[in-house]
>>> print(open('entry05.tsv').read())   # TSV, C-alpha atoms
chain	number	residue	atom	x	y	z
A	1	MET	CA	-40.66	-58.40	3.40
A	2	ALA	CA	-41.40	-55.12	1.76
A	3	ARG	CA	-44.90	-53.84	2.21
A	4	GLN	CA	-46.81	-53.83	-1.04
A	5	PRO	CA	-49.16	-51.00	-1.82
A	6	ALA	CA	-52.77	-51.99	-1.62
A	7	LEU	CA	-54.38	-52.38	-4.99
A	8	SER	CA	-58.03	-51.82	-5.59
A	9	HIS	CA	-59.87	-54.26	-7.74
A	10	GLY	CA	-63.36	-52.78	-7.74
A	11	ARG	CA	-64.57	-51.01	-10.84
A	12	GLY	CA	-65.78	-47.86	-9.07
A	13	ARG	CA	-62.50	-47.37	-7.26
A	14	LYS	CA	-60.33	-47.68	-10.29
A	15	SER	CA	-59.12	-44.09	-10.22
A	16	ARG	CA	-57.98	-44.13	-6.58
A	17	PRO	CA	-54.41	-45.34	-6.97
A	18	ALA	CA	-53.91	-43.03	-9.91
A	19	GLN	CA	-54.98	-40.03	-7.83
A	20	ALA	CA	-52.87	-41.11	-4.90
A	21	GLU	CA	-49.89	-41.48	-7.18
A	22	ARG	CA	-50.57	-38.08	-8.67
A	23	ALA	CA	-50.66	-36.58	-5.16
A	24	ALA	CA	-47.47	-38.35	-4.21
A	25	ASP	CA	-45.78	-37.38	-7.44
A	26	LEU	CA	-46.49	-33.74	-6.78
A	27	ALA	CA	-44.32	-33.77	-3.68
A	28	PRO	CA	-40.82	-34.72	-4.70
A	29	HIS	CA	-40.57	-33.26	-8.20
A	30	SER	CA	-41.93	-29.74	-8.31
A	31	LEU	CA	-41.66	-28.84	-4.63
A	32	ASP	CA	-39.39	-25.89	-4.02
A	33	ARG	CA	-36.96	-27.39	-1.55
A	34	LEU	CA	-35.50	-24.00	-0.84
A	35	ILE	CA	-38.57	-22.71	0.93
A	36	HIS	CA	-39.84	-26.08	2.08
A	37	GLU	CA	-37.47	-25.90	5.04
A	38	ARG	CA	-39.29	-24.61	8.13
A	39	THR	CA	-37.19	-21.54	8.96
A	40	ARG	CA	-36.92	-20.43	5.35
A	41	LEU	CA	-40.66	-20.92	4.87
A	42	GLY	CA	-41.21	-18.78	7.98
A	43	ILE	CA	-38.95	-16.01	6.66
A	44	VAL	CA	-40.69	-15.93	3.30
A	45	SER	CA	-44.19	-16.09	4.84
A	46	ALA	CA	-43.44	-13.27	7.29
A	47	LEU	CA	-41.96	-11.06	4.57
A	48	ALA	CA	-44.99	-11.70	2.36
A	49	VAL	CA	-47.20	-9.67	4.72
A	50	ALA	CA	-44.68	-7.22	6.14
A	51	ASP	CA	-43.05	-4.84	3.72
A	52	SER	CA	-39.65	-5.33	5.33
A	53	LEU	CA	-38.48	-6.90	8.57
A	54	THR	CA	-35.23	-6.50	10.42
A	55	PHE	CA	-33.05	-9.40	11.48
A	56	SER	CA	-34.16	-9.01	15.10
A	57	ASP	CA	-37.85	-8.87	14.09
A	58	LEU	CA	-37.47	-12.13	12.21
A	59	LYS	CA	-35.54	-13.69	15.06
A	60	LYS	CA	-38.31	-12.84	17.53
A	61	LEU	CA	-41.00	-13.88	15.13
A	62	LEU	CA	-39.54	-17.26	14.27
A	63	ARG	CA	-38.09	-17.88	17.74
A	64	THR	CA	-34.77	-19.00	16.36
A	65	SER	CA	-31.11	-18.36	17.02
A	66	ASP	CA	-28.91	-15.76	15.32
A	67	GLY	CA	-26.80	-18.40	13.59
A	68	ASN	CA	-29.73	-20.41	12.31
A	69	LEU	CA	-31.57	-17.37	10.98
A	70	SER	CA	-28.42	-16.00	9.42
A	71	VAL	CA	-27.69	-19.22	7.52
A	72	HIS	CA	-31.23	-19.59	6.20
A	73	ALA	CA	-31.56	-15.93	5.29
A	74	ARG	CA	-28.28	-16.17	3.37
A	75	LYS	CA	-29.62	-19.14	1.37
A	76	LEU	CA	-32.74	-17.20	0.45
A	77	GLU	CA	-30.65	-14.20	-0.45
A	78	GLU	CA	-28.40	-16.30	-2.71
A	79	ALA	CA	-31.50	-17.61	-4.48
A	80	HIS	CA	-32.67	-13.98	-4.92
A	81	TYR	CA	-35.84	-14.73	-2.95
A	82	VAL	CA	-35.11	-11.98	-0.43
A	83	SER	CA	-33.09	-8.82	-0.65
A	84	CYS	CA	-31.01	-7.64	2.23
A	85	THR	CA	-30.17	-4.07	3.20
A	86	LYS	CA	-27.62	-3.14	5.82
A	87	TYR	CA	-27.82	0.28	7.41
A	88	PHE	CA	-27.05	2.20	10.56
A	89	ASP	CA	-29.79	3.31	12.93
A	90	GLY	CA	-27.79	5.90	14.85
A	91	ARG	CA	-24.72	3.90	15.79
A	92	GLN	CA	-26.45	0.55	15.68
A	93	PRO	CA	-25.96	-1.57	12.55
A	94	LYS	CA	-29.17	-3.12	11.29
A	95	THR	CA	-30.08	-5.61	8.60
A	96	SER	CA	-33.48	-5.55	7.00
A	97	TYR	CA	-34.97	-8.08	4.62
A	98	ARG	CA	-37.51	-7.65	1.91
A	99	LEU	CA	-39.23	-10.27	-0.26
A	100	THR	CA	-38.32	-10.03	-3.95
A	101	ILE	CA	-40.70	-10.71	-6.81
A	102	ALA	CA	-39.02	-14.07	-7.33
A	103	GLY	CA	-39.53	-14.88	-3.64
A	104	ARG	CA	-43.20	-13.93	-3.78
A	105	ARG	CA	-43.71	-16.09	-6.86
A	106	ALA	CA	-41.93	-18.98	-5.16
A	107	LEU	CA	-44.24	-18.68	-2.15
A	108	GLU	CA	-47.29	-18.56	-4.42
A	109	ARG	CA	-46.08	-21.65	-6.26
A	110	TYR	CA	-45.49	-23.38	-2.95
A	111	LEU	CA	-48.99	-22.49	-1.71
A	112	ASP	CA	-50.50	-23.72	-4.99
A	113	HIS	CA	-48.56	-26.91	-4.61
A	114	MET	CA	-49.80	-27.52	-1.07
A	115	GLU	CA	-53.37	-26.78	-2.11
A	116	ALA	CA	-53.05	-29.16	-5.06
A	117	LEU	CA	-51.81	-31.88	-2.71
A	118	ILE	CA	-54.77	-31.36	-0.39
A	119	ARG	CA	-57.23	-31.30	-3.30
A	120	ALA	CA	-55.78	-34.44	-4.82
A	121	THR	CA	-56.00	-36.39	-1.58
A	122	ARG	CA	-59.51	-35.12	-0.83
A	123	GLU	CA	-60.73	-36.27	-4.23
A	124	ARG	CA	-59.73	-39.83	-3.41
B	1	MET	CA	-51.34	-82.65	39.73
B	2	GLY	CA	-51.26	-79.71	37.31
B	3	PRO	CA	-48.50	-77.08	37.13
B	4	GLY	CA	-50.64	-74.51	38.98
B	5	SER	CA	-51.32	-76.71	41.98
B	6	LEU	CA	-47.65	-77.81	42.14
B	7	CYS	CA	-46.62	-74.16	42.35
B	8	ALA	CA	-49.12	-73.51	45.13
B	9	ALA	CA	-48.03	-76.58	47.04
B	10	LYS	CA	-44.30	-75.84	46.86
B	11	PHE	CA	-44.08	-72.08	47.21
B	12	LEU	CA	-47.43	-70.50	47.99
B	13	THR	CA	-48.31	-72.27	51.15
B	14	ALA	CA	-50.51	-69.39	52.38
B	15	TYR	CA	-52.25	-69.00	49.01
B	16	GLY	CA	-55.24	-66.95	50.11
B	17	ALA	CA	-53.34	-64.37	52.15
B	18	VAL	CA	-50.84	-63.25	49.51
B	19	GLY	CA	-52.13	-60.65	47.14
B	20	ILE	CA	-49.67	-61.07	44.31
B	21	PHE	CA	-52.37	-62.09	41.89
B	22	CYS	CA	-54.20	-58.76	42.22
B	23	GLU	CA	-55.03	-57.08	38.97
B	24	VAL	CA	-52.31	-54.89	37.47
B	25	SER	CA	-53.52	-51.58	36.07
B	26	VAL	CA	-53.34	-51.04	32.34
B	27	VAL	CA	-50.28	-49.08	31.19
B	28	ARG	CA	-51.30	-46.18	29.00
B	29	PRO	CA	-48.82	-44.13	26.96
B	30	PHE	CA	-48.58	-40.40	27.71
B	31	ARG	CA	-49.82	-39.46	24.30
B	32	PRO	CA	-51.82	-41.59	21.90
B	33	ARG	CA	-49.49	-43.71	19.87
B	34	ARG	CA	-49.50	-43.03	16.17
B	35	HIS	CA	-49.31	-46.14	14.13
B	36	GLU	CA	-49.07	-44.47	10.77
B	37	PRO	CA	-46.78	-41.66	9.64
B	38	PRO	CA	-48.56	-38.42	8.70
B	39	THR	CA	-49.99	-38.51	5.22
B	40	LEU	CA	-49.07	-36.05	2.47
B	41	HIS	CA	-52.41	-34.37	2.97
B	42	GLU	CA	-51.76	-33.87	6.69
B	43	ARG	CA	-48.27	-32.54	6.03
B	44	ALA	CA	-49.59	-30.08	3.47
B	45	MET	CA	-52.26	-28.91	5.92
B	46	GLU	CA	-49.62	-28.50	8.61
B	47	HIS	CA	-47.43	-26.42	6.30
B	48	LEU	CA	-50.31	-24.19	5.32
B	49	ARG	CA	-51.20	-23.72	8.99
B	50	PHE	CA	-47.61	-22.74	9.75
B	51	ILE	CA	-47.59	-20.22	6.89
B	52	ARG	CA	-50.88	-18.69	8.06
B	53	GLU	CA	-49.76	-18.43	11.68
B	54	THR	CA	-46.42	-16.87	10.70
B	55	MET	CA	-48.20	-14.35	8.50
B	56	GLU	CA	-50.62	-13.48	11.31
B	57	ARG	CA	-47.77	-12.95	13.75
B	58	ALA	CA	-45.80	-10.86	11.26
B	59	SER	CA	-48.74	-8.58	10.52
B	60	SER	CA	-49.82	-8.14	14.13
B	61	PHE	CA	-47.68	-5.03	14.49
B	62	THR	CA	-49.84	-1.95	14.46
B	63	ALA	CA	-48.62	1.50	13.61
B	64	VAL	CA	-51.57	2.87	15.59
B	65	PRO	CA	-50.14	4.46	18.74
B	66	GLY	CA	-51.99	3.33	21.86
B	67	TRP	CA	-50.88	6.16	24.16
B	68	GLY	CA	-51.52	8.64	21.36
B	69	LEU	CA	-55.13	7.44	21.21
B	70	VAL	CA	-55.44	7.88	24.97
B	71	LEU	CA	-54.25	11.49	24.60
B	72	VAL	CA	-56.74	12.08	21.79
B	73	GLY	CA	-59.50	10.64	23.96
B	74	LEU	CA	-58.52	12.85	26.88
B	75	THR	CA	-58.75	15.97	24.71
B	76	ALA	CA	-62.11	14.89	23.22
B	77	LEU	CA	-63.85	14.56	26.58
B	78	PRO	CA	-63.58	18.24	27.67
B	79	VAL	CA	-64.39	19.34	24.13
B	80	SER	CA	-67.65	17.40	24.17
B	81	LEU	CA	-68.54	18.88	27.57
B	82	LEU	CA	-67.74	22.40	26.37
B	83	SER	CA	-69.57	21.91	23.10
B	84	GLY	CA	-72.76	21.03	24.98
B	85	ARG	CA	-72.69	24.43	26.68
B	86	LEU	CA	-72.16	26.49	23.54
B	87	SER	CA	-75.27	27.98	22.02
B	88	SER	CA	-74.15	28.96	18.52
B	89	ARG	CA	-73.74	26.27	15.88
B	90	GLU	CA	-70.73	28.04	14.37
B	91	SER	CA	-68.76	27.92	17.60
B	92	ARG	CA	-69.70	24.27	18.17
B	93	LEU	CA	-68.46	23.31	14.72
B	94	ALA	CA	-65.31	25.41	15.11
B	95	LEU	CA	-64.58	23.74	18.45
B	96	TRP	CA	-64.92	20.24	17.01
B	97	LEU	CA	-62.87	21.12	13.94
B	98	ALA	CA	-60.13	22.47	16.19
B	99	GLU	CA	-60.31	19.23	18.18
B	100	ALA	CA	-59.98	17.22	14.94
B	101	VAL	CA	-56.82	19.14	14.01
B	102	VAL	CA	-55.35	18.69	17.51
B	103	ALA	CA	-56.24	14.97	17.44
B	104	LEU	CA	-54.60	14.45	14.04
B	105	LEU	CA	-51.45	16.25	15.15
B	106	LEU	CA	-51.31	14.27	18.39
B	107	ALA	CA	-51.91	10.96	16.61
B	108	GLY	CA	-49.29	11.76	13.95
B	109	TRP	CA	-46.72	12.72	16.56
B	110	ALA	CA	-47.42	9.59	18.63
B	111	MET	CA	-47.32	7.37	15.53
B	112	ASP	CA	-43.95	8.80	14.52
B	113	ARG	CA	-42.64	8.30	18.05
B	114	LYS	CA	-43.82	4.70	18.18
B	115	ALA	CA	-42.38	3.92	14.75
B	116	ARG	CA	-39.01	5.42	15.73
B	117	ARG	CA	-38.93	3.54	19.03
B	118	LEU	CA	-39.70	0.20	17.37
B	119	GLY	CA	-37.34	0.86	14.47
B	120	VAL	CA	-40.13	0.62	11.88
B	121	PRO	CA	-40.23	3.20	9.08
B	122	MET	CA	-43.53	5.10	9.46
B	123	LEU	CA	-44.13	5.81	5.79
B	124	SER	CA	-43.64	2.26	4.60
B	125	GLY	CA	-45.11	-1.02	5.74
B	126	PRO	CA	-47.88	-0.95	8.35
B	127	GLY	CA	-47.97	2.86	8.67
B	128	GLN	CA	-48.41	3.35	4.95
B	129	LYS	CA	-51.09	0.67	4.73
B	130	PHE	CA	-52.96	2.31	7.59
B	131	ALA	CA	-52.75	5.79	6.05
B	132	LEU	CA	-53.97	4.58	2.64
B	133	GLY	CA	-57.09	3.06	4.15
B	134	PHE	CA	-57.65	5.80	6.71
B	135	ALA	CA	-57.47	8.94	4.55
B	136	PRO	CA	-60.31	8.50	1.97
B	137	PRO	CA	-63.21	8.12	4.48
B	138	LEU	CA	-61.83	11.12	6.42
B	139	ALA	CA	-61.80	13.19	3.24
B	140	ALA	CA	-65.39	12.11	2.57
B	141	GLY	CA	-66.24	13.15	6.13
B	142	ALA	CA	-64.78	16.61	5.55
B	143	VAL	CA	-66.87	17.08	2.39
B	144	LEU	CA	-70.06	15.83	4.10
B	145	THR	CA	-69.42	18.15	7.06
B	146	ALA	CA	-69.42	21.15	4.74
B	147	VAL	CA	-72.51	19.92	2.87
B	148	LEU	CA	-74.56	19.15	5.99
B	149	TYR	CA	-73.55	22.37	7.70
B	150	ARG	CA	-74.58	24.45	4.69
B	151	ALA	CA	-77.89	22.61	4.51
B	152	GLY	CA	-78.52	23.39	8.19
B	153	LEU	CA	-78.42	19.70	9.09
B	154	GLU	CA	-75.73	19.92	11.76
B	155	GLY	CA	-77.79	17.53	13.89
B	156	LEU	CA	-76.55	14.80	11.55
B	157	LEU	CA	-72.88	15.70	12.04
B	158	PRO	CA	-72.15	13.53	15.12
B	159	GLY	CA	-73.49	10.42	13.38
B	160	THR	CA	-71.63	11.24	10.15
B	161	TRP	CA	-68.35	11.87	11.96
B	162	LEU	CA	-68.54	8.73	14.08
B	163	LEU	CA	-69.64	6.54	11.18
B	164	LEU	CA	-67.00	7.77	8.73
B	165	TYR	CA	-64.25	7.77	11.33
B	166	GLY	CA	-65.23	4.17	12.10
B	167	VAL	CA	-65.05	3.31	8.39
B	168	ALA	CA	-61.62	4.97	8.21
B	169	VAL	CA	-60.32	2.98	11.18
B	170	VAL	CA	-61.74	-0.31	9.88
B	171	ALA	CA	-60.28	0.31	6.40
B	172	GLY	CA	-56.91	1.43	7.75
B	173	GLY	CA	-56.76	-1.34	10.31
B	174	THR	CA	-57.63	-4.21	7.97
B	175	PHE	CA	-54.02	-5.42	7.96
B	176	SER	CA	-53.32	-4.21	11.47
B	177	ALA	CA	-53.79	-5.73	14.91
B	178	PRO	CA	-57.33	-7.09	15.45
B	179	ALA	CA	-58.07	-4.44	18.11
B	180	VAL	CA	-57.91	-1.65	15.49
B	181	PRO	CA	-60.71	-2.79	13.15
B	182	LEU	CA	-62.75	-3.75	16.20
B	183	MET	CA	-62.48	-0.19	17.49
B	184	GLY	CA	-63.53	1.05	14.04
B	185	ALA	CA	-66.57	-1.22	14.05
B	186	LEU	CA	-67.62	0.12	17.46
B	187	PHE	CA	-67.28	3.69	16.15
B	188	MET	CA	-69.55	2.73	13.27
B	189	GLY	CA	-72.06	1.30	15.76
B	190	LEU	CA	-71.99	4.54	17.74
B	191	GLY	CA	-72.47	6.49	14.51
B	192	ALA	CA	-75.55	4.46	13.69
B	193	GLY	CA	-76.77	5.03	17.24
B	194	ALA	CA	-76.26	8.79	16.88
B	195	PHE	CA	-78.39	8.79	13.71
B	196	LEU	CA	-81.15	6.81	15.40
B	197	GLY	CA	-81.07	8.68	18.73
B	198	PRO	CA	-82.39	12.18	19.42
B	199	PRO	CA	-80.19	15.06	18.12
B	200	ALA	CA	-79.70	16.30	21.68
B	201	TRP	CA	-77.65	13.19	22.43
B	202	GLY	CA	-75.12	14.02	19.71
B	203	ASN	CA	-72.51	15.28	22.14
B	204	LEU	CA	-72.96	12.25	24.32
B	205	PHE	CA	-72.26	9.93	21.40
B	206	LEU	CA	-69.23	12.01	20.42
B	207	ALA	CA	-67.90	11.83	23.98
B	208	ALA	CA	-68.48	8.06	24.11
B	209	GLY	CA	-66.72	7.56	20.77
B	210	PHE	CA	-63.91	10.07	20.46
B	211	GLY	CA	-63.38	10.13	24.23
B	212	GLY	CA	-64.33	6.72	25.65
B	213	LEU	CA	-63.44	4.35	22.80
B	214	HIS	CA	-60.12	6.10	22.16
B	215	ILE	CA	-59.10	5.81	25.81
B	216	VAL	CA	-60.20	2.17	26.21
B	217	PHE	CA	-58.66	0.93	22.96
B	218	GLY	CA	-55.63	3.18	23.39
B	219	VAL	CA	-54.77	1.46	26.67
B	220	LEU	CA	-55.43	-1.96	25.12
B	221	ILE	CA	-53.23	-1.28	22.07
B	222	ALA	CA	-50.48	0.29	24.18
B	223	ARG	CA	-50.34	-2.72	26.47
B	224	ARG	CA	-50.55	-5.41	23.83
B	225	TYR	CA	-48.79	-3.90	20.84
B	226	GLY	CA	-45.80	-2.05	22.15
B	227	GLY	CA	-47.04	1.44	23.00
>>> encode(input="entry05.tsv", output="structure tokens")
Amino acid sequence: MARQPALSHGRGRKSRPAQAERAADLAPHSLDRLIHERTRLGIVSALAVADSLTFSDLKKLLRTSDGNLSVHARKLEEAHYVSCTKYFDGRQPKTSYRLTIAGRRALERYLDHMEALIRATRER
Amino acid sequence: MGPGSLCAAKFLTAYGAVGIFCEVSVVRPFRPRRHEPPTLHERAMEHLRFIRETMERASSFTAVPGWGLVLVGLTALPVSLLSGRLSSRESRLALWLAEAVVALLLAGWAMDRKARRLGVPMLSGPGQKFALGFAPPLAAGAVLTAVLYRAGLEGLLPGTWLLLYGVAVVAGGTFSAPAVPLMGALFMGLGAGAFLGPPAWGNLFLAAGFGGLHIVFGVLIARRYGG
């Protein structure tokens, strides 16, 4: 039997389910799925405080594999959240990433969203 | 005859001697079992914590060169000793100004070396942030040095230098590794001490700050933050 959500019947607690629903509703609809993923969120967060980071910096920072980082960085790049520059340091090829304005705004929206969720559940 | 006594009669003939009815210890799980999945609120908190920690780790790089600071400290110690032996105020000021130039050159060279070794561009990112915070208090210090010297208040110079250098390091190191602003705060403390202490102790405070603090924090930064 499916579990039914608890309903409040008291007068003073009338607004509780509405707030809970509002908090729950915030999650699926407006959440930016692109940076909700852990590695991508890490990339965007790290680039928000560092002007630019190389592939190896990010790899060390996020303790992830080359393949995993490469895939997630590519997704962020395709969404224009990060920009990627390839260059040679001597003979060594390097890739550096930088957060774009769109990426910074996406992170700000994500942070606002998380804060709104916390506020909504605290108000209950 | 009940079922218990039948069992004892048939199988447990030596009932008292067998210890199979001893109490079995309670089985506890390794970690407390969670009966409910994490709530939205907890998930949001966890995400925010992850973002904060990642940001802290990403900004922990410091452009401040540890070994460069040690070198600066090592040059400041003999200068403070020599300055105490000089009688004329002009030569004392000239000696400390020369030391400031040498220290800036040494620090700049070491910063460039560190940035090159770690593959971080010096004039963007952490290095740029440090320079933008560091330069204005130093410029104010240069102006105050001229003003105080002209007014014949050179006894106030050690306190002014230490205090403003501390402000410069704190301002420059705001986004740097935590050791950098801490060093700046200690410089500020020494500056305040130099103002409160007798003027004769000025050189001692300068030696403790530009010599001692640079060497101690230089070693700390070099060991913890890649040179």
>>> closest_residue(input="entry05.tsv", among="A:Leu31, A:Val82, A:Leu107, A:Leu117", to="chain B", atoms="all atoms listed in the file")
A:Leu117
>>> closest_residue(input="entry05.tsv", among="A:Ala106, A:Met114, A:Ala79, A:Ala120", to="Asp32 in chain A", atoms="only C-alpha atoms")
A:Ala106
>>> residues_around(input="entry05.tsv", residues="range 220-223 of chain B", least_positions_apart="6", cutoff="9 Å", atoms="only C-alpha atoms", output="MDAnalysis selection string")
chainID B and resid 62 64:69 177 179:180
>>> interface_residues(input="entry05.tsv", of="chain A", to="chain B", cutoff="7 Å", atoms="only C-alpha atoms", output="list in words")
Gly42, Ser45, Ala46, Val49, Ala50, Asp51, Ser52, Leu61, Met114, Leu117, Ile118 and Thr121 of chain A
>>> atom_distance(input="entry05.tsv", atom1="CA of Val79 in chain B", atom2="CA of Val170 in chain B")
24.4 Å
>>> atom_distance(input="entry05.tsv", atom1="CA of Thr160 in chain B", atom2="CA of Ala146 in chain B")
11.5 Å
>>> atom_distance(input="entry05.tsv", atom1="CA of Ser96 in chain A", atom2="CA of Cys84 in chain A")
5.8 Å
>>> closest_residue(input="entry05.tsv", among="A:Ile101, A:Ala48, A:Leu111, A:Leu41", to="Ala73 in chain A", atoms="all atoms listed in the file")
A:Leu41
